[in-house]
Amino acid sequence: MFFIIGGDGREYGPATAEQVRGWIQAGRANLETKAKALGSEEWRRLGDYAEFGAPDSPPPLPGVSASAPSVGTFTTPVAVPAELAGVGARTGAALFNAFIYFLSLMPGSMAMARGLLEKNPQLAKGGIPHMEDLDLTGFAEGVVWVWAGLGLALLLQALLIGVRGQNLGKLLVGARVVRVDTGAPAGFLRGAVLRFALPVSIVFLLNLAFPLGFVFLVVDYCFIFRQDRRCLHDLIAGTRVVRT
């Protein structure tokens, strides 16, 4: 039985040699991955163990079984370390989500333009009336539809994150949001509220005082280049994004 250090820096195991070999074949571990045998405190390369390395690799530590736990040993379920979603996949998901939000604004924007032209026929003829002569009644009604469309899109995304751990963009690229401490689904509080609704609210509030929402989004995205690829909203919610 073995313990290994996953790419996220967490310890996984105990796992049998066969399970570890499966992780290696799936690309979730390699011969350079740090590991220790059950009952040992020495961390070594997986390639240093005869079960995974070359034929002339050092044998397992004396007195330690590498294939089965000793009698009476209590073992916990093995959590397979999930592979982190790549920067390209995360970026693609974000761009697709942005496109969805853009589409959600289109019906309201069209209604806004139509209402403005209907109330001000001179605009359709190329005329430019004075501001005090403009009738903005239809325009204001269109604004309501703009916010309604965007609100529905945001609500859909929040529900998907809370229930599935995947918004539309993450469904497209094959990624999902999980808890960083256990690897379990993020859930509604972490996924929908802390990771999604709170950052969106911050962006809106920043744009009310001064158009700083874009700056917040850029800073948030730059955190993706950390080793654990956790953006600022992931740090807030205690989550990370892995491949499905």
# chains A, B, ... in the order shown; residues from 1 in each chain; ligands from 1
>>> residues_around(residues="range 99-113 of chain A", least_positions_apart="5", cutoff="8 Å", atoms="only C-alpha atoms", output="list in words")
Gly138, Phe139, Ala140, Glu141, Gly142, Val143, Val144, Trp145, Val146, Trp147, Ala148, Gly149, Leu150, Leu152, Ala153 and Leu154 of chain A
>>> select_by_dssp(residues="range 147-212 of chain A", states="helix (DSSP H, G or I)", output="ChimeraX atom specification")
/A:147-164,168-173,187-209
>>> write_last_selection(atoms="C-alpha atoms", output="compact mmCIF listing (two decimals), in the first residue's frame")
# COMPACT_ATOMS: atom_id res chain seq x y z
CA TRP A 147 -31.55 43.41 -17.29
CA ALA A 148 -34.17 40.64 -17.36
CA GLY A 149 -32.24 38.72 -20.01
CA LEU A 150 -28.92 39.11 -18.21
CA GLY A 151 -30.52 38.17 -14.89
CA LEU A 152 -31.95 34.95 -16.33
CA ALA A 153 -28.57 33.99 -17.79
CA LEU A 154 -26.82 34.62 -14.48
CA LEU A 155 -29.47 32.66 -12.58
CA LEU A 156 -29.08 29.69 -14.95
CA GLN A 157 -25.29 29.73 -14.53
CA ALA A 158 -25.57 29.93 -10.73
CA LEU A 159 -27.99 27.00 -10.60
CA LEU A 160 -25.76 24.87 -12.84
CA ILE A 161 -22.69 25.59 -10.69
CA GLY A 162 -24.62 24.84 -7.49
CA VAL A 163 -26.19 21.60 -8.73
CA ARG A 164 -23.63 20.18 -11.19
CA LEU A 168 -22.35 26.16 -19.58
CA GLY A 169 -18.72 26.95 -20.37
CA LYS A 170 -17.36 24.21 -18.11
CA LEU A 171 -19.83 21.71 -19.57
CA LEU A 172 -18.46 22.55 -23.00
CA VAL A 173 -14.76 22.09 -22.11
CA GLY A 187 -22.27 22.55 -3.50
CA PHE A 188 -24.63 25.52 -3.57
CA LEU A 189 -22.97 27.71 -0.92
CA ARG A 190 -19.42 27.43 -2.23
CA GLY A 191 -20.24 27.09 -5.92
CA ALA A 192 -23.29 29.27 -6.53
CA VAL A 193 -22.98 31.85 -3.72
CA LEU A 194 -19.32 32.36 -2.83
CA ARG A 195 -17.72 31.47 -6.16
CA PHE A 196 -20.31 32.98 -8.52
CA ALA A 197 -22.85 35.35 -6.97
CA LEU A 198 -20.38 37.17 -4.71
CA PRO A 199 -17.80 38.01 -7.45
CA VAL A 200 -20.60 39.06 -9.84
CA SER A 201 -21.98 41.38 -7.15
CA ILE A 202 -18.50 42.85 -6.60
CA VAL A 203 -18.18 43.57 -10.33
CA PHE A 204 -21.57 45.33 -10.42
CA LEU A 205 -20.80 47.38 -7.30
CA LEU A 206 -17.41 48.46 -8.63
CA ASN A 207 -19.01 49.56 -11.88
CA LEU A 208 -21.58 51.67 -10.02
CA ALA A 209 -18.96 53.83 -8.33
>>> closest_residue(among="A:Ala93, A:Thr182, A:Ala50, A:Phe214", to="Tyr12 in chain A", atoms="only C-alpha atoms")
A:Thr182
>>> atom_distance(atom1="CA of Gly22 in chain A", atom2="CA of Glu51 in chain A")
12.3 Å
